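Engineer: Following this line is input_2.cif, made up of mmCIF, C-alpha atoms (C1' of nucleotides):
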```
data_upload
loop_
_atom_site.group_PDB
_atom_site.id
_atom_site.type_symbol
_atom_site.label_atom_id
_atom_site.label_comp_id
_atom_site.auth_asym_id
_atom_site.auth_seq_id
_atom_site.Cartn_x
_atom_site.Cartn_y
_atom_site.Cartn_z
ATOM 1 C CA MET A 1112 78.615 76.125 70.088
ATOM 2 C CA LEU A 1113 81.253 73.501 69.302
ATOM 3 C CA ASN A 1114 80.405 73.192 65.644
ATOM 4 C CA HIS A 1115 83.821 74.034 64.334
ATOM 5 C CA GLN A 1116 84.115 71.471 61.550
ATOM 6 C CA PRO A 1117 83.767 73.601 58.424
ATOM 7 C CA THR A 1118 81.250 72.780 55.704
ATOM 8 C CA LEU A 1119 80.950 74.367 52.273
ATOM 9 C CA ASP A 1120 77.459 75.526 53.153
ATOM 10 C CA GLY A 1121 78.611 77.243 56.312
ATOM 11 C CA VAL A 1122 81.757 78.783 54.877
ATOM 12 C CA PHE A 1123 80.197 80.204 51.722
ATOM 13 C CA ARG A 1124 77.234 81.446 53.716
ATOM 14 C CA ALA A 1125 79.527 83.200 56.172
ATOM 15 C CA LEU A 1126 81.502 84.794 53.342
ATOM 16 C CA ALA A 1127 78.371 86.004 51.565
ATOM 17 C CA ASP A 1128 77.997 88.899 53.999
ATOM 18 C CA PRO A 1129 80.171 91.992 53.455
ATOM 19 C CA THR A 1130 80.419 92.718 57.179
ATOM 20 C CA ARG A 1131 81.746 89.240 57.843
ATOM 21 C CA ARG A 1132 84.130 89.445 54.904
ATOM 22 C CA ALA A 1133 85.449 92.708 56.307
ATOM 23 C CA MET A 1134 86.031 90.928 59.609
ATOM 24 C CA VAL A 1135 87.869 88.083 57.892
ATOM 25 C CA GLU A 1136 89.975 90.605 55.997
ATOM 26 C CA ARG A 1137 90.838 92.322 59.238
ATOM 27 C CA LEU A 1138 91.665 89.057 60.975
ATOM 28 C CA SER A 1139 93.801 87.867 58.084
ATOM 29 C CA GLU A 1140 96.282 90.568 59.034
ATOM 30 C CA ARG A 1141 96.297 89.979 62.779
ATOM 31 C CA PRO A 1142 94.061 88.793 65.632
ATOM 32 C CA ALA A 1143 91.672 91.315 67.161
ATOM 33 C CA ALA A 1144 89.231 91.733 70.008
ATOM 34 C CA VAL A 1145 85.501 91.830 69.304
ATOM 35 C CA SER A 1146 85.320 95.552 69.992
ATOM 36 C CA GLU A 1147 88.235 96.218 67.648
ATOM 37 C CA LEU A 1148 86.286 94.428 64.960
ATOM 38 C CA ALA A 1149 83.207 96.448 65.872
ATOM 39 C CA ALA A 1150 84.930 99.858 65.850
ATOM 40 C CA PRO A 1151 84.724 100.669 62.116
ATOM 41 C CA LEU A 1152 81.349 98.984 61.675
ATOM 42 C CA GLU A 1153 78.352 101.261 62.216
ATOM 43 C CA MET A 1154 76.273 98.729 64.111
ATOM 44 C CA SER A 1155 75.677 97.647 67.683
ATOM 45 C CA LEU A 1156 78.178 95.472 69.499
ATOM 46 C CA ALA A 1157 75.459 92.857 69.889
ATOM 47 C CA ALA A 1158 75.163 92.637 66.103
ATOM 48 C CA VAL A 1159 78.920 92.236 65.773
ATOM 49 C CA MET A 1160 78.825 89.470 68.355
ATOM 50 C CA GLN A 1161 76.278 87.631 66.269
ATOM 51 C CA HIS A 1162 78.537 87.869 63.222
ATOM 52 C CA VAL A 1163 81.474 86.613 65.249
ATOM 53 C CA ALA A 1164 79.375 83.693 66.495
ATOM 54 C CA LEU A 1165 78.420 82.774 62.946
ATOM 55 C CA LEU A 1166 82.027 83.048 61.759
ATOM 56 C CA GLU A 1167 83.048 80.790 64.598
ATOM 57 C CA GLU A 1168 80.371 78.214 63.819
ATOM 58 C CA SER A 1169 81.419 78.249 60.188
ATOM 59 C CA GLY A 1170 84.958 77.370 61.247
ATOM 60 C CA LEU A 1171 86.468 80.506 59.701
ATOM 61 C CA VAL A 1172 87.384 82.041 63.057
ATOM 62 C CA ARG A 1173 88.429 80.848 66.481
ATOM 63 C CA SER A 1174 88.274 82.970 69.597
ATOM 64 C CA GLU A 1175 89.173 82.789 73.232
ATOM 65 C CA LYS A 1176 88.406 85.014 76.123
ATOM 66 C CA GLN A 1177 90.821 86.148 78.752
ATOM 67 C CA GLY A 1178 89.755 88.637 81.290
ATOM 68 C CA ARG A 1179 86.947 90.603 79.738
ATOM 69 C CA VAL A 1180 88.283 90.632 76.190
ATOM 70 C CA ARG A 1181 87.607 87.972 73.577
ATOM 71 C CA THR A 1182 90.356 87.751 71.001
ATOM 72 C CA CYS A 1183 89.472 86.426 67.549
ATOM 73 C CA ARG A 1184 91.870 84.937 65.069
ATOM 74 C CA ILE A 1185 91.425 83.359 61.673
ATOM 75 C CA ALA A 1186 91.318 79.573 61.298
ATOM 76 C CA PRO A 1187 92.566 78.933 57.781
ATOM 77 C CA ASP A 1188 91.245 75.405 57.229
ATOM 78 C CA ALA A 1189 87.747 76.641 56.426
ATOM 79 C CA LEU A 1190 89.048 79.062 53.826
ATOM 80 C CA ALA A 1191 91.128 76.253 52.366
ATOM 81 C CA LEU A 1192 88.033 74.069 52.043
ATOM 82 C CA ALA A 1193 86.217 76.708 50.007
ATOM 83 C CA GLU A 1194 89.268 77.461 47.913
ATOM 84 C CA ARG A 1195 89.760 73.798 47.098
ATOM 85 C CA TRP A 1196 86.141 73.369 46.010
ATOM 86 C CA ILE A 1197 86.453 76.283 43.618
ATOM 87 C CA ALA A 1198 89.799 75.095 42.303
ATOM 88 C CA ASP A 1199 88.357 71.637 41.677
ATOM 89 C CA ARG A 1200 85.478 73.103 39.654
ATOM 90 C CA ARG A 1201 87.895 75.139 37.625
ATOM 91 C CA ALA A 1202 90.076 72.135 37.008
ATOM 92 C CA LEU A 1203 87.117 70.222 35.590
ATOM 93 C CA TRP A 1204 86.122 73.147 33.462
ATOM 94 C CA VAL A 1205 89.626 73.603 32.102
ATOM 95 C CA ARG A 1206 89.900 69.893 31.319
ATOM 96 C CA ARG A 1207 86.694 70.133 29.344
ATOM 97 C CA LEU A 1208 88.026 73.090 27.393
ATOM 98 C CA ASP A 1209 91.182 71.120 26.641
ATOM 99 C CA ARG A 1210 89.157 68.226 25.266
ATOM 100 C CA LEU A 1211 87.135 70.682 23.244
ATOM 101 C CA GLY A 1212 90.362 72.119 21.911
ATOM 102 C CA GLU A 1213 91.504 68.674 20.814
ATOM 103 C CA ILE A 1214 88.230 68.001 19.132
ATOM 104 C CA LEU A 1215 88.368 71.246 17.233
ATOM 105 C CA ALA A 1216 91.966 70.608 16.286
ATOM 106 C CA ASP A 1217 91.021 67.124 15.112
ATOM 107 C CA THR A 1218 88.190 68.556 13.061
ATOM 108 C CA ASP A 1219 90.645 70.974 11.545
ATOM 109 C CA ALA A 1220 93.095 68.135 10.757
ATOM 110 C CA PRO A 1221 91.661 64.724 11.645
ATOM 111 C CA ALA A 1222 94.923 63.041 12.762
ATOM 112 C CA ARG A 1223 94.832 60.690 15.748
ATOM 113 C CA GLY A 1224 97.742 62.287 17.648
ATOM 114 C CA ARG A 1225 97.133 63.809 21.090
ATOM 115 C CA LYS A 1226 97.716 67.205 22.537
ATOM 116 C CA LYS A 1227 100.084 69.131 20.261
ATOM 117 C CA LYS A 1228 98.587 71.594 17.862
ATOM 118 C CA ARG A 1229 100.307 72.428 14.645
ATOM 119 C CA PRO A 1230 102.530 75.543 14.377
ATOM 120 C CA MET B 189 68.338 90.491 34.176
ATOM 121 C CA LEU B 190 71.554 91.916 32.732
ATOM 122 C CA ASN B 191 73.412 91.977 36.023
ATOM 123 C CA HIS B 192 76.248 89.745 34.961
ATOM 124 C CA GLN B 193 79.185 91.586 36.523
ATOM 125 C CA PRO B 194 80.114 89.299 39.399
ATOM 126 C CA THR B 195 80.435 90.618 42.947
ATOM 127 C CA LEU B 196 81.816 88.792 45.977
ATOM 128 C CA ASP B 197 78.464 89.162 47.676
ATOM 129 C CA GLY B 198 76.590 87.604 44.789
ATOM 130 C CA VAL B 199 79.046 84.816 44.102
ATOM 131 C CA PHE B 200 79.445 83.647 47.701
ATOM 132 C CA ARG B 201 75.712 83.880 48.226
ATOM 133 C CA ALA B 202 75.052 81.785 45.154
ATOM 134 C CA LEU B 203 77.584 79.179 46.287
ATOM 135 C CA ALA B 204 76.126 78.992 49.781
ATOM 136 C CA ASP B 205 73.233 76.829 48.591
ATOM 137 C CA PRO B 206 73.885 73.094 48.058
ATOM 138 C CA THR B 207 71.422 72.887 45.178
ATOM 139 C CA ARG B 208 73.209 75.660 43.340
ATOM 140 C CA ARG B 209 76.620 74.167 44.087
ATOM 141 C CA ALA B 210 75.385 70.885 42.635
ATOM 142 C CA MET B 211 74.361 72.761 39.506
ATOM 143 C CA VAL B 212 77.744 74.446 39.249
ATOM 144 C CA GLU B 213 79.431 71.059 39.712
ATOM 145 C CA ARG B 214 77.305 69.641 36.947
ATOM 146 C CA LEU B 215 77.985 72.560 34.635
ATOM 147 C CA SER B 216 81.718 72.432 35.298
ATOM 148 C CA GLU B 217 81.749 69.163 33.376
ATOM 149 C CA ARG B 218 79.612 70.264 30.455
ATOM 150 C CA PRO B 219 76.742 72.592 29.549
ATOM 151 C CA ALA B 220 73.209 71.405 30.251
ATOM 152 C CA ALA B 221 69.602 72.351 29.684
ATOM 153 C CA VAL B 222 67.504 73.560 32.614
ATOM 154 C CA SER B 223 65.534 70.316 32.711
ATOM 155 C CA GLU B 224 68.739 68.269 32.713
ATOM 156 C CA LEU B 225 69.806 70.241 35.765
ATOM 157 C CA ALA B 226 66.371 69.674 37.284
ATOM 158 C CA ALA B 227 66.265 65.909 36.680
ATOM 159 C CA PRO B 228 68.175 64.704 39.777
ATOM 160 C CA LEU B 229 66.831 67.436 42.011
ATOM 161 C CA GLU B 230 63.588 66.571 43.813
ATOM 162 C CA MET B 231 61.958 69.950 43.343
ATOM 163 C CA SER B 232 59.721 71.693 40.866
ATOM 164 C CA LEU B 233 61.075 73.008 37.582
ATOM 165 C CA ALA B 234 59.995 76.481 38.658
ATOM 166 C CA ALA B 235 62.263 76.246 41.698
ATOM 167 C CA VAL B 236 65.159 75.140 39.514
ATOM 168 C CA MET B 237 64.508 78.091 37.232
ATOM 169 C CA GLN B 238 64.806 80.424 40.200
ATOM 170 C CA HIS B 239 68.167 78.904 41.107
ATOM 171 C CA VAL B 240 69.348 79.257 37.526
ATOM 172 C CA ALA B 241 68.226 82.889 37.496
ATOM 173 C CA LEU B 242 70.187 83.583 40.675
ATOM 174 C CA LEU B 243 73.270 81.795 39.322
ATOM 175 C CA GLU B 244 73.013 83.900 36.205
ATOM 176 C CA GLU B 245 72.657 87.141 38.134
ATOM 177 C CA SER B 246 75.656 86.198 40.225
ATOM 178 C CA GLY B 247 77.695 85.824 37.041
ATOM 179 C CA LEU B 248 78.524 82.164 37.695
ATOM 180 C CA VAL B 249 76.426 80.892 34.789
ATOM 181 C CA ARG B 250 75.416 82.111 31.356
ATOM 182 C CA SER B 251 72.516 80.674 29.408
ATOM 183 C CA GLU B 252 70.874 81.022 26.056
ATOM 184 C CA LYS B 253 67.672 79.703 24.662
ATOM 185 C CA GLN B 254 67.200 78.145 21.288
ATOM 186 C CA GLY B 255 63.895 76.675 20.405
ATOM 187 C CA ARG B 256 62.288 75.675 23.639
ATOM 188 C CA VAL B 257 65.439 74.625 25.483
ATOM 189 C CA ARG B 258 67.637 76.931 27.519
ATOM 190 C CA THR B 259 71.224 75.737 27.686
ATOM 191 C CA CYS B 260 73.321 76.768 30.672
ATOM 192 C CA ARG B 261 77.091 76.867 30.817
ATOM 193 C CA ILE B 262 79.526 77.965 33.445
ATOM 194 C CA ALA B 263 81.137 81.435 33.269
ATOM 195 C CA PRO B 264 84.443 81.020 35.075
ATOM 196 C CA ASP B 265 85.245 84.671 35.829
ATOM 197 C CA ALA B 266 82.926 84.750 38.822
ATOM 198 C CA LEU B 267 84.531 81.654 40.332
ATOM 199 C CA ALA B 268 87.926 83.236 39.715
ATOM 200 C CA LEU B 269 86.861 86.358 41.605
ATOM 201 C CA ALA B 270 85.928 84.341 44.682
ATOM 202 C CA GLU B 271 89.042 82.197 44.458
ATOM 203 C CA ARG B 272 91.263 85.248 44.238
ATOM 204 C CA TRP B 273 89.664 86.851 47.291
ATOM 205 C CA ILE B 274 90.296 83.727 49.332
ATOM 206 C CA ALA B 275 93.851 83.376 48.039
ATOM 207 C CA ASP B 276 94.569 87.001 48.936
ATOM 208 C CA ARG B 277 93.366 86.458 52.506
ATOM 209 C CA ARG B 278 95.534 83.397 52.817
ATOM 210 C CA ALA B 279 98.516 85.269 51.465
ATOM 211 C CA LEU B 280 98.118 87.910 54.157
ATOM 212 C CA TRP B 281 97.690 85.311 56.817
ATOM 213 C CA VAL B 282 100.769 83.382 55.706
ATOM 214 C CA ARG B 283 102.834 86.574 55.625
ATOM 215 C CA ARG B 284 101.820 87.284 59.185
ATOM 216 C CA LEU B 285 102.839 83.793 60.278
ATOM 217 C CA ASP B 286 106.192 84.311 58.583
ATOM 218 C CA ARG B 287 106.750 87.530 60.494
ATOM 219 C CA LEU B 288 105.699 85.799 63.664
ATOM 220 C CA GLY B 289 108.230 83.063 62.942
ATOM 221 C CA GLU B 290 110.948 85.678 62.578
ATOM 222 C CA ILE B 291 109.974 87.330 65.816
ATOM 223 C CA LEU B 292 110.001 84.050 67.684
ATOM 224 C CA ALA B 293 113.337 83.159 66.179
ATOM 225 C CA ASP B 294 114.667 86.571 67.187
ATOM 226 C CA THR B 295 113.373 86.111 70.700
ATOM 227 C CA ASP B 296 115.082 82.768 70.824
ATOM 228 C CA ALA B 297 118.347 84.348 69.661
ATOM 229 C CA PRO B 298 118.074 88.117 69.461
ATOM 230 C CA ALA B 299 120.374 88.607 66.470
ATOM 231 C CA ARG B 300 119.312 91.069 63.798
ATOM 232 C CA GLY B 301 119.662 88.642 60.859
ATOM 233 C CA ARG B 302 116.623 87.739 58.776
ATOM 234 C CA LYS B 303 114.890 84.505 58.004
ATOM 235 C CA LYS B 304 117.139 81.571 58.897
ATOM 236 C CA LYS B 305 116.526 79.738 62.119
ATOM 237 C CA ARG B 306 119.254 77.840 63.884
ATOM 238 C CA PRO B 307 119.702 74.076 63.416
ATOM 239 C "C1'" DA C 626 84.372 100.993 96.387
ATOM 240 C "C1'" DC C 627 82.729 102.533 92.036
ATOM 241 C "C1'" DA C 628 82.416 103.802 87.321
ATOM 242 C "C1'" DT C 629 83.870 102.242 83.039
ATOM 243 C "C1'" DT C 630 84.836 98.913 79.678
ATOM 244 C "C1'" DA C 631 83.891 94.550 77.217
ATOM 245 C "C1'" DG C 632 80.968 91.286 76.389
ATOM 246 C "C1'" DT C 633 76.542 88.401 76.723
ATOM 247 C "C1'" DT C 634 71.617 87.226 76.483
ATOM 248 C "C1'" DA C 635 66.936 87.636 75.063
ATOM 249 C "C1'" DA C 636 63.150 89.275 72.608
ATOM 250 C "C1'" DG C 637 61.254 91.577 68.759
ATOM 251 C "C1'" DT C 638 60.986 92.870 63.792
ATOM 252 C "C1'" DA C 639 61.365 93.940 58.821
ATOM 253 C "C1'" DA C 640 63.194 91.997 54.853
ATOM 254 C "C1'" DC C 641 64.754 88.150 52.347
ATOM 255 C "C1'" DT C 642 65.017 82.883 50.859
ATOM 256 C "C1'" DG C 643 63.646 78.745 48.976
ATOM 257 C "C1'" DC C 644 60.281 76.661 47.990
ATOM 258 C "C1'" DT C 645 55.133 75.665 46.342
ATOM 259 C "C1'" DT C 646 50.999 75.701 43.138
ATOM 260 C "C1'" DG C 647 48.502 77.130 39.166
ATOM 261 C "C1'" DA C 648 47.899 79.344 34.918
ATOM 262 C "C1'" DC C 649 50.110 80.350 30.765
ATOM 263 C "C1'" DT C 650 53.186 80.314 26.309
ATOM 264 C "C1'" DA C 651 55.770 78.729 23.106
ATOM 265 C "C1'" DT C 652 58.165 74.799 20.404
ATOM 266 C "C1'" DC C 653 58.579 70.030 18.558
ATOM 267 C "C1'" DG C 654 57.331 65.463 16.961
ATOM 268 C "C1'" DA C 655 54.138 62.253 15.070
ATOM 269 C "C1'" DT D 1053 46.837 69.546 13.741
ATOM 270 C "C1'" DC D 1054 47.297 68.287 18.296
ATOM 271 C "C1'" DG D 1055 49.364 66.652 22.340
ATOM 272 C "C1'" DA D 1056 53.444 66.412 24.876
ATOM 273 C "C1'" DT D 1057 57.648 68.886 26.177
ATOM 274 C "C1'" DA D 1058 60.375 72.860 28.031
ATOM 275 C "C1'" DG D 1059 60.153 76.801 30.086
ATOM 276 C "C1'" DT D 1060 57.983 81.223 32.244
ATOM 277 C "C1'" DC D 1061 55.307 84.239 35.425
ATOM 278 C "C1'" DA D 1062 53.042 85.443 39.631
ATOM 279 C "C1'" DA D 1063 51.314 84.919 44.142
ATOM 280 C "C1'" DG D 1064 51.776 83.076 48.520
ATOM 281 C "C1'" DC D 1065 54.017 81.107 52.563
ATOM 282 C "C1'" DA D 1066 57.068 79.134 56.255
ATOM 283 C "C1'" DG D 1067 61.554 79.680 57.871
ATOM 284 C "C1'" DT D 1068 65.777 82.353 58.198
ATOM 285 C "C1'" DT D 1069 68.774 86.544 58.533
ATOM 286 C "C1'" DA D 1070 70.531 90.824 60.082
ATOM 287 C "C1'" DC D 1071 69.713 93.773 62.685
ATOM 288 C "C1'" DT D 1072 67.619 96.543 67.007
ATOM 289 C "C1'" DT D 1073 66.946 97.711 72.080
ATOM 290 C "C1'" DA D 1074 67.166 96.703 76.859
ATOM 291 C "C1'" DA D 1075 68.675 94.397 80.794
ATOM 292 C "C1'" DC D 1076 72.492 92.004 82.679
ATOM 293 C "C1'" DT D 1077 77.414 90.123 84.166
ATOM 294 C "C1'" DA D 1078 82.057 90.312 84.897
ATOM 295 C "C1'" DA D 1079 86.933 92.356 84.738
ATOM 296 C "C1'" DT D 1080 89.723 96.750 85.211
ATOM 297 C "C1'" DG D 1081 91.435 101.344 86.299
ATOM 298 C "C1'" DT D 1082 91.476 104.976 89.714
#
```
Translate the structure described by the file into structure tokens.

Structural biologist:
Amino acid sequence: MLNHQPTLDGVFRALADPTRRAMVERLSERPAAVSELAAPLEMSLAAVMQHVALLEESGLVRSEKQGRVRTCRIAPDALALAERWIADRRALWVRRLDRLGEILADTDAPARGRKKKRP
Amino acid sequence: MLNHQPTLDGVFRALADPTRRAMVERLSERPAAVSELAAPLEMSLAAVMQHVALLEESGLVRSEKQGRVRTCRIAPDALALAERWIADRRALWVRRLDRLGEILADTDAPARGRKKKRP
DNA sequence: ACATTAGTTAAGTAACTGCTTGACTATCGA
DNA sequence: TCGATAGTCAAGCAGTTACTTAACTAATGT
């Protein structure tokens, strides 16, 4: 139950479910109790609990109980991990396209200069 | 097989598997044939094919066959979709923290002014 | 005190995943 | 032409997921 260090596997897996994404969307605006999360979600409270547990294990959500209500809030580090992975992939991909651009430009006009294309 | 419009469900699901993430990482650098993708991956070619098929359905990868080799390349729109969803959540979350900061500052010194805290 | 509210636990189940193997079909290279 | 290469298709299978219902516990409001 104390598995809060986020992994890419866990975070992407958690986000792959539309119910859990809806919960994350809701919690991005403000914290909420489990039954608030459950209210719009045509499924049993037990099912919602299971989603909350998975979100918590994935590191996307933290929660604490006081009295009989468990309040959930978003824990942004896990989202940041996923976002960074995607951004890194895109950076690589863009770099490759840049190189490709240079190569094509060089083919067009085989000068040795870098980066600037001709007007 | 022509299901290339990316959805959040499909993209996050595809990215939830470490094998498929490895493939996306590989393809972010340059296009590759199916068997190139398979080479480092201790599993049957058929299994790799199934991963490629899922990546393609998710919209993360495109591929085309010439001769007997199918070349896969990354299709960045799907990654962008996922990245944007995450960024939007974070934006909401940050906005909420800003408001919270204002409220706390106001509580500290209940003036009606916006934004600046006292030194 | 007692009913209601909020959550928890456990067990069961239908559908889905991530593989496997085996049989098959096209190229390509010598 | 013939064998190796690259990929495809289909069936099957163990493990996982997303629920369900039912029984239970613990705070709260009246």

Engineer: Env of Ala1149 in chain A: 8 Å cut, atoms = only C-alpha atoms (C1' of nucleotides), seq-sep filter 6 positions within chain, self excluded. Answer as JSON, numbers by chain.

Structural biologist: {"A": [1155, 1156, 1159]}

Engineer: Check which residues satisfy the PyMOL selection byres ((chain C) within 12 of (chain A)) in the file shown, then give them as a PyMOL selection string.

Structural biologist: chain C and resi 630-635

Engineer: I'd like to see the residues matched by the PyMOL selection byres ((chain B) within 7 of (chain A)) on this file, and ideally I'd get them as a list in words.

Structural biologist: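 Matching residues under the PyMOL selection byres ((chain B) within 7 of (chain A)) are Asp197, Phe200, Arg201, Leu203, Ala204, Asp205, Pro206, Glu213, Ser216, Glu217, Leu267, Glu271, Ile274, Arg277, Leu280, Trp281 and Arg284 of chain B.
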
Engineer: Show me, as JSON, numbers by chain, every residue of chain D with an atom at most 12 Å from chain A, counting only C-alpha atoms (C1' of nucleotides).

Structural biologist: {"D": [1069, 1070, 1071, 1072, 1073, 1074, 1077, 1078, 1079, 1080]}

Engineer: Hand me chain B as it sits after a least-squares fit onto chain A over every Cα, paired in order, written as a short mmCIF file (atom, residue, chain, number, x, y, z; two decimals) with C-alpha atoms, in the frame of the given file.

Structural biologist:
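Result file follows (out-v3.cif):
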```cif
data_model
loop_
_atom_site.label_atom_id
_atom_site.label_comp_id
_atom_site.auth_asym_id
_atom_site.auth_seq_id
_atom_site.Cartn_x
_atom_site.Cartn_y
_atom_site.Cartn_z
CA MET B 189 78.53 76.29 70.00
CA LEU B 190 81.07 73.55 69.30
CA ASN B 191 80.27 73.26 65.62
CA HIS B 192 83.72 74.07 64.36
CA GLN B 193 84.04 71.49 61.58
CA PRO B 194 83.76 73.64 58.47
CA THR B 195 81.26 72.82 55.73
CA LEU B 196 81.01 74.40 52.28
CA ASP B 197 77.53 75.58 53.12
CA GLY B 198 78.65 77.30 56.29
CA VAL B 199 81.82 78.81 54.90
CA PHE B 200 80.29 80.25 51.72
CA ARG B 201 77.33 81.53 53.68
CA ALA B 202 79.60 83.26 56.16
CA LEU B 203 81.62 84.83 53.34
CA ALA B 204 78.52 86.06 51.54
CA ASP B 205 78.11 88.97 53.96
CA PRO B 206 80.32 92.05 53.44
CA THR B 207 80.51 92.77 57.16
CA ARG B 208 81.82 89.29 57.85
CA ARG B 209 84.25 89.46 54.93
CA ALA B 210 85.57 92.72 56.36
CA MET B 211 86.10 90.95 59.67
CA VAL B 212 87.92 88.08 57.99
CA GLU B 213 90.08 90.60 56.11
CA ARG B 214 90.90 92.31 59.36
CA LEU B 215 91.68 89.05 61.12
CA SER B 216 93.87 87.84 58.27
CA GLU B 217 96.34 90.54 59.27
CA ARG B 218 96.28 89.93 63.00
CA PRO B 219 93.99 88.76 65.81
CA ALA B 220 91.60 91.30 67.31
CA ALA B 221 89.13 91.73 70.13
CA VAL B 222 85.41 91.84 69.36
CA SER B 223 85.25 95.57 70.06
CA GLU B 224 88.22 96.22 67.77
CA LEU B 225 86.29 94.45 65.04
CA ALA B 226 83.22 96.50 65.93
CA ALA B 227 84.96 99.89 65.94
CA PRO B 228 84.80 100.70 62.20
CA LEU B 229 81.44 99.04 61.70
CA GLU B 230 78.44 101.33 62.22
CA MET B 231 76.33 98.80 64.07
CA SER B 232 75.68 97.70 67.61
CA LEU B 233 78.14 95.51 69.47
CA ALA B 234 75.41 92.91 69.81
CA ALA B 235 75.15 92.69 66.02
CA VAL B 236 78.91 92.29 65.74
CA MET B 237 78.76 89.51 68.31
CA GLN B 238 76.22 87.69 66.17
CA HIS B 239 78.53 87.93 63.16
CA VAL B 240 81.43 86.64 65.23
CA ALA B 241 79.29 83.75 66.46
CA LEU B 242 78.38 82.83 62.89
CA LEU B 243 82.01 83.09 61.75
CA GLU B 244 82.97 80.82 64.60
CA GLU B 245 80.29 78.27 63.80
CA SER B 246 81.39 78.29 60.18
CA GLY B 247 84.91 77.39 61.31
CA LEU B 248 86.47 80.51 59.78
CA VAL B 249 87.33 82.06 63.14
CA ARG B 250 88.32 80.84 66.58
CA SER B 251 88.10 82.97 69.69
CA GLU B 252 88.94 82.80 73.34
CA LYS B 253 88.13 85.03 76.23
CA GLN B 254 90.51 86.14 78.90
CA GLY B 255 89.37 88.62 81.43
CA ARG B 256 86.64 90.61 79.81
CA VAL B 257 88.04 90.63 76.28
CA ARG B 258 87.39 87.98 73.66
CA THR B 259 90.19 87.73 71.13
CA CYS B 260 89.36 86.42 67.67
CA ARG B 261 91.80 84.91 65.22
CA ILE B 262 91.41 83.36 61.83
CA ALA B 263 91.29 79.55 61.45
CA PRO B 264 92.57 78.92 57.94
CA ASP B 265 91.25 75.39 57.37
CA ALA B 266 87.78 76.64 56.52
CA LEU B 267 89.12 79.07 53.93
CA ALA B 268 91.21 76.24 52.51
CA LEU B 269 88.11 74.07 52.15
CA ALA B 270 86.33 76.71 50.09
CA GLU B 271 89.41 77.44 48.02
CA ARG B 272 89.90 73.78 47.23
CA TRP B 273 86.29 73.36 46.10
CA ILE B 274 86.65 76.27 43.70
CA ALA B 275 90.01 75.05 42.43
CA ASP B 276 88.55 71.59 41.80
CA ARG B 277 85.72 73.06 39.73
CA ARG B 278 88.17 75.07 37.71
CA ALA B 279 90.33 72.03 37.15
CA LEU B 280 87.37 70.16 35.70
CA TRP B 281 86.42 73.08 33.55
CA VAL B 282 89.95 73.51 32.22
CA ARG B 283 90.18 69.79 31.44
CA ARG B 284 87.00 70.04 29.43
CA LEU B 285 88.35 73.00 27.47
CA ASP B 286 91.50 71.00 26.75
CA ARG B 287 89.46 68.13 25.38
CA LEU B 288 87.43 70.56 23.36
CA GLY B 289 90.65 71.99 21.95
CA GLU B 290 91.73 68.52 20.90
CA ILE B 291 88.41 67.84 19.25
CA LEU B 292 88.52 71.10 17.34
CA ALA B 293 92.08 70.42 16.29
CA ASP B 294 91.05 66.94 15.16
CA THR B 295 88.16 68.36 13.21
CA ASP B 296 90.52 70.78 11.58
CA ALA B 297 92.87 67.93 10.65
CA PRO B 298 91.37 64.56 11.50
CA ALA B 299 94.61 62.80 12.44
CA ARG B 300 94.61 60.58 15.50
CA GLY B 301 97.61 62.24 17.20
CA ARG B 302 97.18 63.92 20.57
CA LYS B 303 97.72 67.43 21.80
CA LYS B 304 99.82 69.38 19.30
CA LYS B 305 98.09 71.75 16.95
CA ARG B 306 99.58 72.69 13.62
CA PRO B 307 101.62 75.89 13.18
#
```

Engineer: What would the selection look like, as a list in words, if the PyMOL selection byres ((chain C and resi 627) around 12) were run on the coordinates I just shared?

Structural biologist: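 With the PyMOL selection byres ((chain C and resi 627) around 12) on this model, the match is DA626, DA628 and DT629 of chain C; DT1080, DG1081 and DT1082 of chain D.
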
Engineer: Provide an axis-aligned box for all listed atoms of range 195-200 of chain B, padding each side by 6 Å; report its centre and its edge lengths in Å to one decimal, as lines of an AutoDock Vina configuration file.

Structural biologist:
```
center_x = 79.2
center_y = 87.1
center_z = 45.3
size_x = 17.2
size_y = 19.0
size_z = 16.8
```

Engineer: Given the choices B:Thr259, B:Pro219, B:Val249, B:Leu242, which gets closest to DA1058 in chain D if the distance is worked out from only C-alpha atoms (C1' of nucleotides)?

Structural biologist: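 So, comparing all the options, the nearest one is B:Thr259.
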
Engineer: Counting all atoms listed in the file, note down every residue that has an atom within 7 Å of the point (65.4, 72.6, 47.4) (file coordinates), as a VMD selection string.

Structural biologist: (chain B and resid 207 231) or (chain C and resid 643 to 644)

Engineer: Taking (84.1, 72.9, 57.9) in the file's own coordinates, collect the residues within 6 Å, counting all atoms listed in the file, and hand them back as a count of residues only.

Structural biologist: 5

Engineer: When you draw a straight line from CA of Glu1167 in chain A to CA of His1115 in chain A, how long is it in Å?

Structural biologist: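 Interatomic distance here is 6.8 Å.
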
Engineer: Counting all atoms listed in the file, which residue out of A:Leu1171, A:Met1134, A:Ala1164, A:Leu1148 sits closest to Leu1192 in chain A?

Structural biologist: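 Checking each candidate against Leu1192 in chain A, we get A:Leu1171 as the closest.
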
Engineer: Rounded to one decimal in Å, what is the spacing between CA of Arg1173 in chain A and CA of Asp286 in chain B?

Structural biologist: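 For CA of Arg1173 in chain A relative to CA of Asp286 in chain B, the distance reads 19.7 Å.
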
Engineer: State, in Å with one decimal place, the distance from C1' of DC1065 in chain D to CA of Ala210 in chain B.

Structural biologist: 25.7 Å
